[in-house]
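Worksheet: one structure, shown below.
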Amino acid sequence: MSCKKTAKRACKTTVKTKAAKASAVKYPTRHEELIKWVNDFAKLTQAKNVHWCDGTKKEYNAICESMVESGAFVKLNPKKRPGCYLARSHWSDVARVENRTYISTEKREDAGPTNNWVAPDELKKTMTDLYKGCMKGRTLYVIPFSMGPIGSPISKIGVELTDSPYVVVNMIIMTRVGTKVLKQLGKDGEFIKCLHSVGAPLKPGQKDVPWPCAPLEKKYISHFPETSEIWSFGSGYGGNALLGKKCLALRIASSLARKEGWLAEHMLILKLTSPENKVHYITAAFPSACGKTNLAMMEPRLPGWKVETIGDDIAWMKIGADGRLYAINPESGFFGVAPGTSMDSNPNAMRTITKNTIFTNCALTDDGDIWWEGMGVPAPAHAIDWQGKDWTPDTVDKDGKKVKAAHPNARFTAPAAQCPVIAGEWEDPNGVPVSAFLFGGRRPTVIPLVNQAKDWTHAVFMGSAAGSETTAANLAEVGVVRRDPMAMLPFFGYNAADYMLHWLTMPLRTDVNKLPKVFFTNWFRKDEKGFMWNGFGDNIRVLKWVCERIEGKGKAVETPIGFLPTPDAIDMTGYVDPQRSAAEMKKTMKDLLSVDVEGWKKEIEAVAESYKPFGNRMPYALKAKLAEIKAALEK
Ligand code: O2Y
Ligand code: MN
């Protein structure tokens, strides 16, 4: 997209690249290392202009409007969705690309067996060649951003250089961007260098396409944890391009967290208030697309209980002066999956996205609104689908299969501040003290509804064993458990075995009794009638038991796999499953809360198998815990 119009409206900080060489050019910072880095990249990429983002509403609006003019955005009906836009990506650029994502460390073993690896020199050479001239005809945007509230002792500053205006406006929602960040950085502050290009230079006079990107074989999402750098090329989508999110806040941050003694986790953060006004902060790590956003914004189905949101995807946690673990949400927005989000599954997300939201790959209705499968409202008689084609509920592909109007990974990008249940303290620079960690996954068999770890090593073991059964949407073999330790498999910034060791060392940093209590949850057990547990707002019943356990109450039985609630320990007042009578539900609860010994023996074997690629690097303590549980199951 040309920045001509943007430049006229709001780009006071846009400079012609040649002019940028002149000493008269004014920069919005006196940080010489930053200025040199920007100018060097502008020269390498041959960007037409350089625009330093100030993060103002005026700038955001001007870029959005210029994208409407270029055809990259559709403005939605302001009466239905004020301040909202729809983007449609290229059909090939619709999700994170794990097979093009690299952790580039000097030694291959430091990246570990779960990450793609190329040595830094080789990868940087390949990518420097790709970056040469890649921004011809485009504007290079400089995005100074803070992950976490500006000035928080837990926050980190990054600067993303990108030629994608889509990335700029999404980053403005998802992070704290602009002049205030440069001010915090001062003239010699540390920042994480993030390079990004869509990899589609424009020839003179060439008309741009709505979603420029490079073919898959040229896409690279590269991380250099030893120098804290991110280099991304060829994709404009989500986690590949909004570099503050998965690349910085998980992959690079997990590596920094190990060096600095804290935790960077793929976890939601929620505030739970009981009818007695007792507050607990709980974080939860579930694999992607297991309902983290839904849990973070849940409407509890038990009277008097309240859930408020601190974050829906990532938690950064440091030990505070009192020895407890304090969490911040490093983000300031939600990049949520749209399909399946409805007034039933997540009413607070639906309320959050009524305005000032960017939708990507959703369907456009004839009255200028958006729609997706599982929105909970009837399908429109006609719409424009995510590929820009006419769509009706009867549209089928060449094989006669129904065509979806929205892409299954269609997204909304919305400011967290708009969430009606955002907690008052969500931006507290000191973070919130965490009482409990939940791990979980999509496990139709064996794994109980909830299970409490017996000790810290057991807690880390539970995290290491997390995973989800694949569904048709995963494109993999259906019904196979994909291990996703700590829900971090795609996001480890270093060897996952070393990550387990880092977790195991947390009790060396503080009193273990001050660390959060740890639980494994599973909302997805199935029997012949379907799901055995309602999930959604009924998950409050499990959270209530978690609170009781934190407070040293809550009835439980010790089993080989952990502390399980007694069958009557979960408050089922008012619980309704239309498929099951109260008596049937009692039996279902018994099944949900008992140990399937034969199933667990197989589970233990499968976890042992998942440790094998790590060899001796996998901590002995976890192998010993595995052996201990196995022996207890044999008794
Ligand atoms: O497909 C993408 O690029 C988005 S991935 C994502 C976005 C928001 C929250 N979580 C995730 C994830 O994959 O865990
Ligand atoms: Mn996520």
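Note on naming: chains are A, B, ... as they come in the structure tokens, residues start from 1 per chain, ligands start from 1 in the order shown.
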Could you list, as a list of chain:residue names, all protein and nucleic acid residues with an atom at most 10 Å from ligand 2, counting only C-alpha atoms and all ligand atoms? A:Gly239, A:Lys245, A:Lys246, A:Leu250, A:Glu265, A:His266, A:Met267, A:Leu268, A:Ala285, A:Phe286, A:Pro287, A:Ser288, A:Ala289, A:Cys290, A:Gly291, A:Lys292, A:Thr293, A:Asp312, A:Asp313, A:Ile314, A:Phe335, A:Gly336, A:Val337, A:Ala487, A:Met488, A:Pro490, A:Phe491
Based on DSSP run over this structure's backbone, return all residues of stretch 364-465 of chain A in strand (DSSP E), as an MDAnalysis selection string. chainID A and resid 364:365 370:371 383:384 390:391 411:415 432:440 450:452
Deliver the residues from the most recent selection as a file, using C-alpha atoms, as a PDB file, in the first residue's frame.
```pdb
ATOM      1  CA  LEU A 364     -19.172  -9.989   5.008  1.00  0.00           C
ATOM      2  CA  THR A 365     -22.970  -9.749   5.113  1.00  0.00           C
ATOM      3  CA  ILE A 370     -19.611  -9.796   9.676  1.00  0.00           C
ATOM      4  CA  TRP A 371     -20.644 -13.405  10.160  1.00  0.00           C
ATOM      5  CA  ALA A 383     -22.637 -13.086   1.979  1.00  0.00           C
ATOM      6  CA  ILE A 384     -19.148 -12.519   0.626  1.00  0.00           C
ATOM      7  CA  ASP A 390     -20.330 -14.789  -3.341  1.00  0.00           C
ATOM      8  CA  TRP A 391     -21.587 -17.263  -0.764  1.00  0.00           C
ATOM      9  CA  ARG A 411      -9.838 -13.700  13.831  1.00  0.00           C
ATOM     10  CA  PHE A 412     -10.951 -10.583  15.660  1.00  0.00           C
ATOM     11  CA  THR A 413      -8.457  -8.061  16.975  1.00  0.00           C
ATOM     12  CA  ALA A 414     -10.083  -6.041  19.750  1.00  0.00           C
ATOM     13  CA  PRO A 415      -8.855  -3.733  22.522  1.00  0.00           C
ATOM     14  CA  VAL A 432      -1.448  -9.830  40.257  1.00  0.00           C
ATOM     15  CA  PRO A 433      -0.468 -12.592  42.731  1.00  0.00           C
ATOM     16  CA  VAL A 434      -1.246 -16.000  41.270  1.00  0.00           C
ATOM     17  CA  SER A 435      -2.928 -18.618  43.496  1.00  0.00           C
ATOM     18  CA  ALA A 436      -3.285 -21.465  40.992  1.00  0.00           C
ATOM     19  CA  PHE A 437      -2.058 -22.743  37.651  1.00  0.00           C
ATOM     20  CA  LEU A 438      -4.299 -24.931  35.498  1.00  0.00           C
ATOM     21  CA  PHE A 439      -2.976 -27.120  32.730  1.00  0.00           C
ATOM     22  CA  GLY A 440      -5.333 -28.784  30.302  1.00  0.00           C
ATOM     23  CA  VAL A 450      -9.779 -32.026  37.478  1.00  0.00           C
ATOM     24  CA  ASN A 451      -6.752 -33.364  39.329  1.00  0.00           C
ATOM     25  CA  GLN A 452      -4.472 -31.571  41.785  1.00  0.00           C
TER      26      GLN A 452
END
```
Would you mind listing what lies within 12 Å of A:Thr395 as a list of chain:residue names, with only C-alpha atoms counted and same-chain residues fewer than 3 positions away left out? A:Ala381, A:His382, A:Ala383, A:Ile384, A:Asp385, A:Lys389, A:Asp390, A:Trp391, A:Thr392, A:Lys398, A:Asp399, A:Gly400, A:Lys401, A:Lys402, A:Val403, A:Lys404, A:Ala405
Keeping only N, CA, C and O atoms, write the selected residues as a PDB file, in the first residue's frame.
```pdb
ATOM      1  N   ALA A 381     -28.633 -15.193   4.039  1.00  0.00           N
ATOM      2  CA  ALA A 381     -29.026 -15.838   2.771  1.00  0.00           C
ATOM      3  C   ALA A 381     -27.932 -15.647   1.728  1.00  0.00           C
ATOM      4  O   ALA A 381     -27.751 -16.467   0.834  1.00  0.00           O
ATOM      5  N   HIS A 382     -27.198 -14.535   1.862  1.00  0.00           N
ATOM      6  CA  HIS A 382     -26.082 -14.267   0.942  1.00  0.00           C
ATOM      7  C   HIS A 382     -24.998 -13.524   1.708  1.00  0.00           C
ATOM      8  O   HIS A 382     -25.290 -12.721   2.599  1.00  0.00           O
ATOM      9  N   ALA A 383     -23.763 -13.825   1.380  1.00  0.00           N
ATOM     10  CA  ALA A 383     -22.637 -13.086   1.979  1.00  0.00           C
ATOM     11  C   ALA A 383     -21.465 -13.143   1.017  1.00  0.00           C
ATOM     12  O   ALA A 383     -21.511 -13.842   0.001  1.00  0.00           O
ATOM     13  N   ILE A 384     -20.419 -12.384   1.348  1.00  0.00           N
ATOM     14  CA  ILE A 384     -19.148 -12.519   0.626  1.00  0.00           C
ATOM     15  C   ILE A 384     -18.246 -13.323   1.553  1.00  0.00           C
ATOM     16  O   ILE A 384     -18.053 -12.933   2.715  1.00  0.00           O
ATOM     17  N   ASP A 385     -17.720 -14.430   1.066  1.00  0.00           N
ATOM     18  CA  ASP A 385     -16.943 -15.300   1.956  1.00  0.00           C
ATOM     19  C   ASP A 385     -15.533 -14.741   2.174  1.00  0.00           C
ATOM     20  O   ASP A 385     -15.172 -13.692   1.620  1.00  0.00           O
ATOM     21  N   LYS A 389     -15.592 -14.190  -2.344  1.00  0.00           N
ATOM     22  CA  LYS A 389     -16.525 -14.746  -3.338  1.00  0.00           C
ATOM     23  C   LYS A 389     -17.963 -14.719  -2.810  1.00  0.00           C
ATOM     24  O   LYS A 389     -18.166 -14.800  -1.594  1.00  0.00           O
ATOM     25  N   ASP A 390     -18.923 -14.684  -3.747  1.00  0.00           N
ATOM     26  CA  ASP A 390     -20.330 -14.789  -3.341  1.00  0.00           C
ATOM     27  C   ASP A 390     -20.551 -16.114  -2.631  1.00  0.00           C
ATOM     28  O   ASP A 390     -19.998 -17.145  -3.039  1.00  0.00           O
ATOM     29  N   TRP A 391     -21.351 -16.057  -1.576  1.00  0.00           N
ATOM     30  CA  TRP A 391     -21.587 -17.263  -0.764  1.00  0.00           C
ATOM     31  C   TRP A 391     -23.052 -17.322  -0.354  1.00  0.00           C
ATOM     32  O   TRP A 391     -23.667 -16.280  -0.059  1.00  0.00           O
ATOM     33  N   THR A 392     -23.624 -18.511  -0.376  1.00  0.00           N
ATOM     34  CA  THR A 392     -24.939 -18.759   0.235  1.00  0.00           C
ATOM     35  C   THR A 392     -24.797 -20.035   1.072  1.00  0.00           C
ATOM     36  O   THR A 392     -23.832 -20.791   0.886  1.00  0.00           O
ATOM     37  N   LYS A 398     -16.013 -27.995  -5.619  1.00  0.00           N
ATOM     38  CA  LYS A 398     -16.102 -28.877  -6.806  1.00  0.00           C
ATOM     39  C   LYS A 398     -16.368 -30.338  -6.424  1.00  0.00           C
ATOM     40  O   LYS A 398     -16.844 -31.122  -7.241  1.00  0.00           O
ATOM     41  N   ASP A 399     -16.105 -30.678  -5.149  1.00  0.00           N
ATOM     42  CA  ASP A 399     -16.387 -32.051  -4.705  1.00  0.00           C
ATOM     43  C   ASP A 399     -17.755 -32.168  -4.030  1.00  0.00           C
ATOM     44  O   ASP A 399     -18.075 -33.196  -3.413  1.00  0.00           O
ATOM     45  N   GLY A 400     -18.514 -31.078  -4.079  1.00  0.00           N
ATOM     46  CA  GLY A 400     -19.850 -31.099  -3.484  1.00  0.00           C
ATOM     47  C   GLY A 400     -19.854 -30.862  -1.976  1.00  0.00           C
ATOM     48  O   GLY A 400     -20.879 -31.026  -1.314  1.00  0.00           O
ATOM     49  N   LYS A 401     -18.676 -30.461  -1.418  1.00  0.00           N
ATOM     50  CA  LYS A 401     -18.582 -30.223   0.029  1.00  0.00           C
ATOM     51  C   LYS A 401     -18.989 -28.791   0.345  1.00  0.00           C
ATOM     52  O   LYS A 401     -18.635 -27.870  -0.400  1.00  0.00           O
ATOM     53  N   LYS A 402     -19.717 -28.622   1.460  1.00  0.00           N
ATOM     54  CA  LYS A 402     -20.170 -27.267   1.825  1.00  0.00           C
ATOM     55  C   LYS A 402     -18.976 -26.344   2.029  1.00  0.00           C
ATOM     56  O   LYS A 402     -17.991 -26.726   2.675  1.00  0.00           O
ATOM     57  N   VAL A 403     -19.076 -25.142   1.496  1.00  0.00           N
ATOM     58  CA  VAL A 403     -17.997 -24.166   1.639  1.00  0.00           C
ATOM     59  C   VAL A 403     -18.276 -23.306   2.870  1.00  0.00           C
ATOM     60  O   VAL A 403     -19.410 -22.867   3.085  1.00  0.00           O
ATOM     61  N   LYS A 404     -17.238 -23.088   3.680  1.00  0.00           N
ATOM     62  CA  LYS A 404     -17.412 -22.238   4.863  1.00  0.00           C
ATOM     63  C   LYS A 404     -17.318 -20.771   4.450  1.00  0.00           C
ATOM     64  O   LYS A 404     -16.477 -20.409   3.617  1.00  0.00           O
ATOM     65  N   ALA A 405     -18.165 -19.950   5.069  1.00  0.00           N
ATOM     66  CA  ALA A 405     -18.145 -18.523   4.741  1.00  0.00           C
ATOM     67  C   ALA A 405     -16.937 -17.845   5.383  1.00  0.00           C
ATOM     68  O   ALA A 405     -16.306 -16.965   4.791  1.00  0.00           O
TER      69      ALA A 405
END
```
Tell me which protein, DNA and RNA residues are within 9 Å of stretch 554-563 of chain A, counting only C-alpha atoms, leaving out same-chain ones fewer than 2 positions away, and put them as a PyMOL selection string. chain A and resi 450-454+458+544-552+565-570+594-595+600+628-633
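Compared by their closest atoms to A:Val607, and using only C-alpha atoms, the residues A:Trp316, A:Phe524, A:Phe461, A:Phe359 rank with A:Phe461 nearest.
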Test item, helix (DSSP H, G or I) assignment across stretch 11-195 of chain A, answer as a ChimeraX atom specification: /A:17-21,32-45,57-70,98-100,108-111,120-131,165-174,179-185
Would you work out the distance separating atom CA of A:Glu605 from atom CA of A:Leu504, expressed in Å to one decimal? 21.7 Å
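For A:Cys64, the list of residues within 10 Å, based on only C-alpha atoms and with local chain neighbours fewer than 4 positions off taken out, reads Thr6, Lys58, Glu59, Tyr60, Val68, Glu69, Ser70, Ala72, Phe73, Val74, Lys75, Gly83, Cys84, Tyr85, Pro165, Tyr166, Val168, Val169 and Ile358 of chain A.
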Output of the above residues as a compact mmCIF listing (two decimals), in the first residue's frame, restricted to N, CA, C and O atoms:
```txt
# COMPACT_ATOMS: atom_id res chain seq x y z
N THR A 6 -1.64 8.45 3.56
CA THR A 6 -1.37 8.38 5.00
C THR A 6 -0.39 9.49 5.35
O THR A 6 -0.55 10.18 6.36
N LYS A 58 -5.29 9.23 15.79
CA LYS A 58 -5.31 9.89 14.48
C LYS A 58 -4.51 9.05 13.46
O LYS A 58 -4.95 8.80 12.34
N GLU A 59 -3.36 8.58 13.91
CA GLU A 59 -2.53 7.76 13.03
C GLU A 59 -3.24 6.44 12.70
O GLU A 59 -3.28 6.03 11.53
N TYR A 60 -3.80 5.81 13.74
CA TYR A 60 -4.52 4.54 13.55
C TYR A 60 -5.64 4.73 12.51
O TYR A 60 -5.75 3.96 11.55
N VAL A 68 -8.58 1.19 3.45
CA VAL A 68 -9.89 1.09 2.78
C VAL A 68 -9.72 1.57 1.34
O VAL A 68 -10.17 0.91 0.38
N GLU A 69 -9.00 2.69 1.19
CA GLU A 69 -8.82 3.24 -0.17
C GLU A 69 -8.03 2.29 -1.07
O GLU A 69 -8.29 2.18 -2.26
N SER A 70 -7.06 1.59 -0.48
CA SER A 70 -6.23 0.69 -1.30
C SER A 70 -6.92 -0.65 -1.56
O SER A 70 -6.43 -1.46 -2.33
N ALA A 72 -7.37 -2.91 0.89
CA ALA A 72 -6.89 -3.91 1.86
C ALA A 72 -7.89 -4.12 3.00
O ALA A 72 -7.89 -5.17 3.64
N PHE A 73 -8.71 -3.12 3.26
CA PHE A 73 -9.73 -3.20 4.31
C PHE A 73 -11.10 -2.90 3.72
O PHE A 73 -11.21 -2.08 2.79
N VAL A 74 -12.13 -3.51 4.28
CA VAL A 74 -13.51 -3.10 4.02
C VAL A 74 -13.99 -2.45 5.30
O VAL A 74 -13.85 -3.04 6.39
N LYS A 75 -14.55 -1.24 5.17
CA LYS A 75 -15.11 -0.61 6.37
C LYS A 75 -16.49 -1.22 6.61
O LYS A 75 -17.31 -1.29 5.70
N GLY A 83 -16.43 1.78 13.80
CA GLY A 83 -14.96 1.72 13.91
C GLY A 83 -14.38 0.36 13.58
O GLY A 83 -13.27 0.05 14.00
N CYS A 84 -15.13 -0.46 12.82
CA CYS A 84 -14.65 -1.82 12.53
C CYS A 84 -14.29 -2.00 11.06
O CYS A 84 -14.89 -1.37 10.19
N TYR A 85 -13.33 -2.87 10.83
CA TYR A 85 -12.85 -3.16 9.47
C TYR A 85 -12.74 -4.66 9.28
O TYR A 85 -12.54 -5.41 10.25
N PRO A 165 0.92 -2.27 6.68
CA PRO A 165 0.06 -1.39 7.49
C PRO A 165 -0.92 -2.20 8.34
O PRO A 165 -1.33 -1.76 9.42
N TYR A 166 -1.29 -3.40 7.86
CA TYR A 166 -2.16 -4.30 8.64
C TYR A 166 -1.49 -4.64 9.96
O TYR A 166 -2.13 -4.65 11.02
N VAL A 168 0.71 -2.82 11.49
CA VAL A 168 0.76 -1.61 12.34
C VAL A 168 -0.53 -1.47 13.13
O VAL A 168 -0.51 -1.33 14.37
N VAL A 169 -1.67 -1.52 12.45
CA VAL A 169 -2.92 -1.25 13.16
C VAL A 169 -3.27 -2.38 14.14
O VAL A 169 -3.82 -2.13 15.22
N ILE A 358 -10.81 -5.11 14.40
CA ILE A 358 -10.40 -5.53 13.05
C ILE A 358 -10.76 -7.01 12.92
O ILE A 358 -10.36 -7.82 13.76
```
Residue with smallest distance to ligand 1 - pool A:Leu44, A:Val480, A:Val118, A:Leu243, counting only C-alpha atoms and all ligand atoms: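 For ligand 1, the nearest of the candidates is A:Leu243.
Counting only C-alpha atoms, the residue from A:Glu160, A:Asp322, A:Glu226, A:Asp208 that sits nearest to A:Asp511 is A:Asp322.
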Within 12 Å of A:Ala349, counting only C-alpha atoms, which residues qualify if same-chain residues fewer than 2 places away don't, as number ranges by chain? A: 291-299, 309, 312, 333-338, 340-347, 351-355, 357, 375, 411-422
Please produce a file of the residues just selected, as a compact mmCIF listing (two decimals), in the first residue's frame, where the atoms kept are N, CA and C atoms.
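Output file selection.txt is given in full below:
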```txt
# COMPACT_ATOMS: atom_id res chain seq x y z
N GLY A 291 -10.13 -23.08 24.15
CA GLY A 291 -11.07 -22.27 24.91
C GLY A 291 -10.45 -21.38 25.98
N LYS A 292 -9.22 -20.95 25.77
CA LYS A 292 -8.62 -20.05 26.77
C LYS A 292 -9.37 -18.72 26.86
N THR A 293 -9.71 -18.17 25.67
CA THR A 293 -10.41 -16.88 25.67
C THR A 293 -11.77 -17.04 26.35
N ASN A 294 -12.45 -18.16 26.09
CA ASN A 294 -13.76 -18.39 26.71
C ASN A 294 -13.65 -18.46 28.23
N LEU A 295 -12.64 -19.18 28.75
CA LEU A 295 -12.51 -19.31 30.20
C LEU A 295 -12.14 -17.96 30.84
N ALA A 296 -11.30 -17.21 30.12
CA ALA A 296 -10.83 -15.93 30.67
C ALA A 296 -11.98 -14.93 30.85
N MET A 297 -13.06 -15.13 30.05
CA MET A 297 -14.18 -14.16 30.08
C MET A 297 -15.48 -14.83 30.53
N MET A 298 -15.37 -15.95 31.19
CA MET A 298 -16.53 -16.79 31.48
C MET A 298 -17.62 -16.07 32.30
N GLU A 299 -18.88 -16.42 31.98
CA GLU A 299 -20.01 -15.98 32.81
C GLU A 299 -20.37 -17.16 33.70
N THR A 309 -11.43 -10.61 33.62
CA THR A 309 -10.30 -10.97 32.74
C THR A 309 -9.09 -10.08 33.03
N ASP A 312 -5.97 -13.19 28.02
CA ASP A 312 -6.58 -14.41 27.46
C ASP A 312 -5.57 -15.35 26.81
N GLY A 333 -4.64 -6.35 23.84
CA GLY A 333 -5.80 -6.69 23.01
C GLY A 333 -5.99 -8.19 22.94
N PHE A 334 -7.05 -8.57 22.26
CA PHE A 334 -7.34 -9.99 22.05
C PHE A 334 -7.28 -10.27 20.55
N PHE A 335 -6.57 -11.34 20.19
CA PHE A 335 -6.54 -11.79 18.79
C PHE A 335 -7.23 -13.15 18.78
N GLY A 336 -8.55 -13.10 18.86
CA GLY A 336 -9.32 -14.31 19.14
C GLY A 336 -9.82 -15.01 17.89
N VAL A 337 -10.05 -16.32 18.02
CA VAL A 337 -10.64 -17.09 16.92
C VAL A 337 -12.12 -16.73 16.85
N ALA A 338 -12.58 -16.31 15.65
CA ALA A 338 -13.97 -15.91 15.50
C ALA A 338 -14.93 -17.10 15.40
N GLY A 340 -17.16 -20.07 16.06
CA GLY A 340 -17.48 -20.71 17.34
C GLY A 340 -17.70 -19.71 18.45
N THR A 341 -17.31 -18.46 18.25
CA THR A 341 -17.56 -17.45 19.28
C THR A 341 -18.99 -16.95 19.11
N SER A 342 -19.78 -17.07 20.19
CA SER A 342 -21.20 -16.71 20.12
C SER A 342 -21.65 -16.20 21.49
N MET A 343 -22.89 -15.76 21.56
CA MET A 343 -23.43 -15.31 22.86
C MET A 343 -23.54 -16.48 23.83
N ASP A 344 -23.55 -17.70 23.32
CA ASP A 344 -23.55 -18.88 24.20
C ASP A 344 -22.15 -19.21 24.69
N SER A 345 -21.18 -19.27 23.76
CA SER A 345 -19.84 -19.73 24.13
C SER A 345 -19.04 -18.64 24.83
N ASN A 346 -19.20 -17.38 24.41
CA ASN A 346 -18.43 -16.30 25.01
C ASN A 346 -19.12 -14.95 24.84
N PRO A 347 -20.17 -14.72 25.65
CA PRO A 347 -20.92 -13.46 25.49
C PRO A 347 -20.05 -12.22 25.68
N ARG A 351 -19.48 -9.04 23.20
CA ARG A 351 -19.70 -7.63 23.58
C ARG A 351 -18.44 -6.79 23.32
N THR A 352 -17.28 -7.43 23.46
CA THR A 352 -16.01 -6.71 23.26
C THR A 352 -15.86 -6.28 21.81
N ILE A 353 -16.37 -7.08 20.88
CA ILE A 353 -16.08 -6.85 19.45
C ILE A 353 -17.18 -6.10 18.73
N THR A 354 -17.98 -5.36 19.50
CA THR A 354 -19.07 -4.61 18.85
C THR A 354 -18.55 -3.34 18.19
N LYS A 355 -17.33 -2.90 18.54
CA LYS A 355 -16.79 -1.65 17.96
C LYS A 355 -15.26 -1.73 17.92
N THR A 357 -12.93 -2.83 16.13
CA THR A 357 -12.33 -4.16 16.00
C THR A 357 -11.94 -4.42 14.55
N MET A 375 -21.64 -18.57 15.05
CA MET A 375 -21.86 -17.26 15.68
C MET A 375 -23.14 -17.26 16.51
N ARG A 411 -10.19 -14.32 12.54
CA ARG A 411 -9.84 -13.70 13.83
C ARG A 411 -10.53 -12.36 14.04
N PHE A 412 -10.62 -11.97 15.32
CA PHE A 412 -10.95 -10.58 15.66
C PHE A 412 -9.80 -10.01 16.47
N THR A 413 -9.47 -8.76 16.18
CA THR A 413 -8.46 -8.06 16.97
C THR A 413 -9.18 -6.92 17.68
N ALA A 414 -9.27 -7.01 19.01
CA ALA A 414 -10.08 -6.04 19.75
C ALA A 414 -9.33 -5.55 20.99
N PRO A 415 -9.53 -4.26 21.33
CA PRO A 415 -8.85 -3.73 22.52
C PRO A 415 -9.36 -4.42 23.80
N ALA A 416 -8.43 -4.86 24.64
CA ALA A 416 -8.82 -5.53 25.90
C ALA A 416 -9.66 -4.60 26.77
N ALA A 417 -9.39 -3.30 26.69
CA ALA A 417 -10.11 -2.34 27.53
C ALA A 417 -11.61 -2.34 27.23
N GLN A 418 -12.00 -2.81 26.05
CA GLN A 418 -13.42 -2.86 25.69
C GLN A 418 -14.16 -4.05 26.29
N CYS A 419 -13.42 -4.99 26.88
CA CYS A 419 -14.08 -6.18 27.42
C CYS A 419 -14.89 -5.78 28.66
N PRO A 420 -16.19 -6.09 28.67
CA PRO A 420 -17.02 -5.64 29.80
C PRO A 420 -16.60 -6.23 31.14
N VAL A 421 -15.85 -7.34 31.11
CA VAL A 421 -15.42 -7.94 32.38
C VAL A 421 -13.91 -7.83 32.58
N ILE A 422 -13.32 -6.81 31.96
CA ILE A 422 -11.88 -6.62 32.19
C ILE A 422 -11.71 -6.19 33.66
```
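Of the listed residues (A:Leu185, A:Asp93, A:Asn116, A:Leu195), A:Leu195 comes nearest to A:Val38; the distances count only C-alpha atoms.
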Test item: residues at most 9 Å from stretch 152-157 of chain A, only C-alpha atoms, excluding those fewer than 3 positions along its chain, as a tab-separated table (two decimals) with N, CA and C atoms, in the first residue's frame:
```tsv
chain	number	residue	atom	x	y	z
A	144	PRO	N	7.50	1.22	17.72
A	144	PRO	CA	8.03	0.99	19.07
A	144	PRO	C	6.89	0.50	19.95
A	145	PHE	N	7.09	-0.64	20.62
A	145	PHE	CA	5.97	-1.19	21.41
A	145	PHE	C	6.46	-1.71	22.74
A	146	SER	N	5.53	-1.66	23.71
A	146	SER	CA	5.84	-2.21	25.03
A	146	SER	C	4.96	-3.44	25.24
A	147	MET	N	5.58	-4.55	25.63
A	147	MET	CA	4.83	-5.73	26.05
A	147	MET	C	4.67	-5.58	27.56
A	148	GLY	N	3.44	-5.33	27.98
A	148	GLY	CA	3.17	-5.02	29.38
A	148	GLY	C	3.06	-3.52	29.57
A	149	PRO	N	2.43	-3.12	30.69
A	149	PRO	CA	2.24	-1.69	30.95
A	149	PRO	C	3.58	-0.96	30.91
A	181	VAL	N	6.43	4.98	24.25
A	181	VAL	CA	7.40	3.87	24.36
A	181	VAL	C	8.80	4.41	24.10
A	184	GLN	N	10.04	6.11	27.12
A	184	GLN	CA	10.47	5.13	28.13
A	184	GLN	C	11.84	4.54	27.77
A	185	LEU	N	12.07	4.39	26.46
A	185	LEU	CA	13.33	3.80	25.98
A	185	LEU	C	14.50	4.74	26.20
A	189	GLY	N	18.10	2.92	26.05
A	189	GLY	CA	17.38	1.78	26.65
A	189	GLY	C	17.47	0.52	25.77
A	190	GLU	N	17.26	-0.64	26.41
A	190	GLU	CA	17.31	-1.91	25.68
A	190	GLU	C	16.00	-2.18	24.96
A	191	PHE	N	16.08	-2.70	23.76
A	191	PHE	CA	14.86	-3.10	23.06
A	191	PHE	C	15.12	-4.35	22.24
A	192	ILE	N	14.05	-5.09	21.97
A	192	ILE	CA	14.16	-6.32	21.18
A	192	ILE	C	13.89	-5.96	19.73
A	249	ALA	N	6.62	-12.42	22.96
A	249	ALA	CA	6.07	-12.65	24.31
A	249	ALA	C	6.18	-14.10	24.74
A	253	ALA	N	10.76	-14.33	24.94
A	253	ALA	CA	10.59	-14.10	26.38
A	253	ALA	C	10.86	-15.35	27.20
A	316	TRP	N	3.20	-13.25	31.88
A	316	TRP	CA	4.59	-13.11	32.30
A	316	TRP	C	4.58	-13.01	33.82
A	317	MET	N	5.37	-13.86	34.47
A	317	MET	CA	5.29	-13.94	35.93
A	317	MET	C	6.65	-13.85	36.60
A	318	LYS	N	6.73	-12.98	37.60
A	318	LYS	CA	7.98	-12.82	38.35
A	318	LYS	C	7.70	-12.95	39.84
A	327	ALA	N	1.75	-11.93	38.11
A	327	ALA	CA	1.56	-12.06	36.65
A	327	ALA	C	1.08	-10.77	36.03
A	328	ILE	N	1.65	-10.46	34.86
A	328	ILE	CA	1.05	-9.42	34.01
A	328	ILE	C	0.64	-10.05	32.68
A	330	PRO	N	1.10	-9.34	29.01
A	330	PRO	CA	1.94	-8.44	28.23
A	330	PRO	C	1.21	-7.77	27.07
A	428	ASP	N	-2.17	-3.27	36.16
A	428	ASP	CA	-1.32	-2.98	37.32
A	428	ASP	C	0.13	-3.33	36.98
A	429	PRO	N	1.04	-2.35	37.03
A	429	PRO	CA	2.43	-2.64	36.63
A	429	PRO	C	3.10	-3.69	37.51
A	430	ASN	N	2.59	-3.87	38.73
A	430	ASN	CA	3.18	-4.89	39.61
A	430	ASN	C	2.62	-6.28	39.37
A	431	GLY	N	1.59	-6.38	38.54
A	431	GLY	CA	0.97	-7.68	38.28
A	431	GLY	C	0.04	-8.09	39.39
```
